[in-house]
Structure formats: structure tokens, C-alpha cells
Amino acid sequence: MSETSSDEARRLADGARERVRFEEEALALADQVYRVARGLSRSKEEAEDLMQETYARAFRSWRSFTPGTNLRAWLLRILTNLNIDRGRRAQRTPDQQPLEESDYFLYNQLEAASGETEEQRVLERLSQDHVAEALSAVPHDFRDVVVLVDIGDFSYAEAAQILDVPIGTVMSRLHRGRRILKKELADLSVESA
Amino acid sequence: MTAVDPCDWCEEVLQPYLDRELTEAEREEAESHLAGCSYCRKRYRFEEGLRRYVRQAVVEPMEPALKQRLSELRLEL
């Protein structure tokens, strides 16, 4: 059975329209996806490479996206998987390092070191450069979650879906990732004091 | 039930509070503690500020040239 040429042409035109819409929607999200890519990468160049690989793969496999579902999460799933594939995983095994500090630890330390008692002043003791540096020192498994939730604004459930791990893993990595981040910040601010 | 120090409890729920992942009842309990405890309130505000710093640490916008390159990756019609 052969389709008439006009049916065939219509089908192709419909497919092309759908694909163009997908590509446009994906490109419209590029700024948001880039924020996460940048947070996961050590340098701007690395983030740009990661973005190009992500979009190349997304455009090739557009048919596997289900319209009406969360395109931003779908793109970030590709991105985080590529990031793992590219061997950017840190070799450190931070789970073996004890991290006893409490959540108030960084504040307490900065307050004690500065003599400031007003939280805005205490916060000003931290520099933006230190934050970026501390973030890049957080091992990848933990940083992925911190970046998705704190920079990408994803819920725990969405981050779990993107990284394909249970929600409990997201919560424990987030908890630990933020602790490591604060520990790094505390060390950096002591060094620079 | 063992008595838990309210400041310890408040510290424990700091992260899920800021992530808006607490239940309604837990959130209310945290807020009522924060209303009367400047020790915890300062630390919560500090943490909110820290989150803003983290967010701003990577806000350099994407280069227009990259956007152009991404657009060129689109499949040929």
C-alpha cells in the first residue's frame, strides 16, 4: 500500500512544524539551562561545550520528548548525564570525610571572627568570588543537586527525576553538599582574614 | 516524647524551610519560633542571603555567540 504523494507531503510538513516548535521552545530555555551548566562547570568554556553537546543531542532526539511534559527538566537530564559521561566526576569520596558542623556553623564562625552581630554585616564578610570558588570545590554528585535546587530552582522531586536518583538521595546530597559548601566558605574566609 | 531544644529543632529544619519543603504544620511551628527568637532569626536571614550569593555566583549571562551556535545546531529542514 502506498500513500499518495500529497498525504506523504502533509505528514512531513506536520513533523517539521512540530520539530521547529520543539527547537524554538528548547532555545528559549537556553539561558536557564546555561545557569545550571555554568554552575556545574569549572570554567565558562567547559559550560559552553556542555551546552553545545546538550543541544546537539536534544535536537537529534527530539522525538523522545513527550509534548506537554517539563522540557526544562528533560534538557537538564541530558545535560547532567553528559556531564557524568564526560568523566567530570571528582575522584574524591567525600562520604568518608566526617562533616560534623551544624547548619548555623558558618554564621557562628563569621560572627565570632568579625565581631559583627547584624546578619547583613556578617554576610558582607563573604565575597562573591569565595562563593564561586567554594561551589567549585564541592564534589560533583553533591554539586549537581545544590546547583539544580539552589540555582536551577528545581524542587527535590524534579531534581530526583533529572538525576534519576531517589528523592531521599537528593535530600541527603543536598544536605551534605550545602554543608561542604559552607565548610569551604568558612575555610576561605579564614584564609583571607 | 523527649524534649527537643527549640533552637536545635529550628536549625534542623532550616534547609527544608527555605526550600519550601516543610509541611504546613512544621512551617507554622518554625515561624512561631522564629518570631520570638532573634538568635535563630538572624541565622535564617543569613542563610537566605547566602542562597542569594550562591545564585549570583553563576549569573554571568550566556554569550550571544553561544546562543547563535546553539541555534545553528538545529536540524536542517
# chains A, B, ... in the order shown; residues from 1 in each chain; ligands from 1
$ interface_residues --of "chain A" --to "chain B" --cutoff "8 Å" --atoms "only C-alpha atoms" --output "count of residues only"
34
$ select_by_dssp --residues "chain A" --states "alpha helix (DSSP H)" --output "VMD selection string"
chain A and resid 5 to 28 30 to 40 44 to 60 71 to 85 105 to 114 119 to 123 128 to 137 140 to 146 156 to 163 167 to 192
$ atom_distance --atom1 "CA of Ala159 (chain A)" --atom2 "CA of Leu174 (chain A)"
10.2 Å
$ atom_distance --atom1 "CA of Asn81 (chain A)" --atom2 "CA of Ile162 (chain A)"
8.9 Å
$ atom_distance --atom1 "CA of Leu188 (chain A)" --atom2 "CA of Thr169 (chain A)"
27.9 Å
$ residues_around --residues "Leu181 (chain A)" --least-positions-apart "5" --cutoff "8 Å" --atoms "only C-alpha atoms" --output "PyMOL selection string"
chain A and resi 134-135+137-138
$ residues_around --residues "Cys10 (chain B)" --least-positions-apart "5" --cutoff "9 Å" --atoms "only C-alpha atoms" --output "ChimeraX atom specification"
/B:5,29-30,33-34,40
$ write_last_selection --atoms "N, CA and C atoms" --output "mmCIF file, in the first residue's frame"
data_model
loop_
_atom_site.group_PDB
_atom_site.id
_atom_site.type_symbol
_atom_site.label_atom_id
_atom_site.label_comp_id
_atom_site.auth_asym_id
_atom_site.auth_seq_id
_atom_site.Cartn_x
_atom_site.Cartn_y
_atom_site.Cartn_z
ATOM 1 N N ASP B 5 15.387 20.795 72.203
ATOM 2 C CA ASP B 5 15.631 22.231 72.297
ATOM 3 C C ASP B 5 15.044 22.896 71.050
ATOM 4 N N GLU B 29 5.151 26.012 62.892
ATOM 5 C CA GLU B 29 5.917 25.854 64.128
ATOM 6 C C GLU B 29 7.243 26.607 64.026
ATOM 7 N N ALA B 30 7.907 26.474 62.874
ATOM 8 C CA ALA B 30 9.180 27.170 62.686
ATOM 9 C C ALA B 30 8.964 28.679 62.755
ATOM 10 N N HIS B 33 8.419 29.941 66.234
ATOM 11 C CA HIS B 33 9.684 30.005 66.984
ATOM 12 C C HIS B 33 10.518 31.206 66.521
ATOM 13 N N LEU B 34 10.607 31.391 65.214
ATOM 14 C CA LEU B 34 11.419 32.486 64.671
ATOM 15 C C LEU B 34 10.909 33.856 65.136
ATOM 16 N N CYS B 40 17.851 32.514 66.240
ATOM 17 C CA CYS B 40 17.547 31.724 65.040
ATOM 18 C C CYS B 40 17.198 32.623 63.852
#
$ closest_residue --among "A:Arg63, A:Arg173, A:Arg17, A:Arg77" --to "His140 (chain A)" --atoms "only C-alpha atoms"
A:Arg173
$ residues_around --residues "Arg176 (chain A)" --least-positions-apart "2" --cutoff "10 Å" --atoms "only C-alpha atoms" --output "list in words"
Pro94, Asp95, Leu99, Val138, Phe142, Arg143, Val145, Val146, Val170, Met171, Ser172, Arg173, Leu174, Arg178, Arg179, Ile180, Leu181 and Lys182 of chain A
$ decode --residues "region 24-37 of chain B" --atoms "N, CA and C atoms" --output "PDB file, in the first residue's frame"
ATOM      1  N   GLU B  24       2.769  22.191  56.216  1.00  0.00           N
ATOM      2  CA  GLU B  24       2.158  23.424  56.715  1.00  0.00           C
ATOM      3  C   GLU B  24       2.364  23.559  58.229  1.00  0.00           C
ATOM      4  N   ALA B  25       2.135  22.453  58.937  1.00  0.00           N
ATOM      5  CA  ALA B  25       2.245  22.473  60.406  1.00  0.00           C
ATOM      6  C   ALA B  25       3.687  22.753  60.853  1.00  0.00           C
ATOM      7  N   GLU B  26       4.630  22.132  60.164  1.00  0.00           N
ATOM      8  CA  GLU B  26       6.042  22.351  60.519  1.00  0.00           C
ATOM      9  C   GLU B  26       6.453  23.798  60.231  1.00  0.00           C
ATOM     10  N   ARG B  27       5.957  24.297  59.098  1.00  0.00           N
ATOM     11  CA  ARG B  27       6.304  25.670  58.735  1.00  0.00           C
ATOM     12  C   ARG B  27       5.776  26.645  59.796  1.00  0.00           C
ATOM     13  N   GLU B  28       4.533  26.415  60.224  1.00  0.00           N
ATOM     14  CA  GLU B  28       3.956  27.289  61.247  1.00  0.00           C
ATOM     15  C   GLU B  28       4.738  27.214  62.549  1.00  0.00           C
ATOM     16  N   GLU B  29       5.151  26.012  62.892  1.00  0.00           N
ATOM     17  CA  GLU B  29       5.917  25.854  64.128  1.00  0.00           C
ATOM     18  C   GLU B  29       7.243  26.607  64.026  1.00  0.00           C
ATOM     19  N   ALA B  30       7.907  26.474  62.874  1.00  0.00           N
ATOM     20  CA  ALA B  30       9.180  27.170  62.686  1.00  0.00           C
ATOM     21  C   ALA B  30       8.964  28.679  62.755  1.00  0.00           C
ATOM     22  N   GLU B  31       7.904  29.160  62.094  1.00  0.00           N
ATOM     23  CA  GLU B  31       7.666  30.607  62.079  1.00  0.00           C
ATOM     24  C   GLU B  31       7.322  31.146  63.452  1.00  0.00           C
ATOM     25  N   SER B  32       6.596  30.351  64.229  1.00  0.00           N
ATOM     26  CA  SER B  32       6.270  30.870  65.556  1.00  0.00           C
ATOM     27  C   SER B  32       7.525  30.898  66.437  1.00  0.00           C
ATOM     28  N   HIS B  33       8.419  29.941  66.234  1.00  0.00           N
ATOM     29  CA  HIS B  33       9.684  30.005  66.984  1.00  0.00           C
ATOM     30  C   HIS B  33      10.518  31.206  66.521  1.00  0.00           C
ATOM     31  N   LEU B  34      10.607  31.391  65.214  1.00  0.00           N
ATOM     32  CA  LEU B  34      11.419  32.486  64.671  1.00  0.00           C
ATOM     33  C   LEU B  34      10.909  33.856  65.136  1.00  0.00           C
ATOM     34  N   ALA B  35       9.589  33.974  65.274  1.00  0.00           N
ATOM     35  CA  ALA B  35       9.004  35.256  65.688  1.00  0.00           C
ATOM     36  C   ALA B  35       9.525  35.683  67.061  1.00  0.00           C
ATOM     37  N   GLY B  36       9.834  34.683  67.896  1.00  0.00           N
ATOM     38  CA  GLY B  36      10.263  35.041  69.247  1.00  0.00           C
ATOM     39  C   GLY B  36      11.736  34.808  69.524  1.00  0.00           C
ATOM     40  N   CYS B  37      12.499  34.398  68.519  1.00  0.00           N
ATOM     41  CA  CYS B  37      13.897  34.028  68.778  1.00  0.00           C
ATOM     42  C   CYS B  37      14.828  34.732  67.799  1.00  0.00           C
TER      43      CYS B  37
END
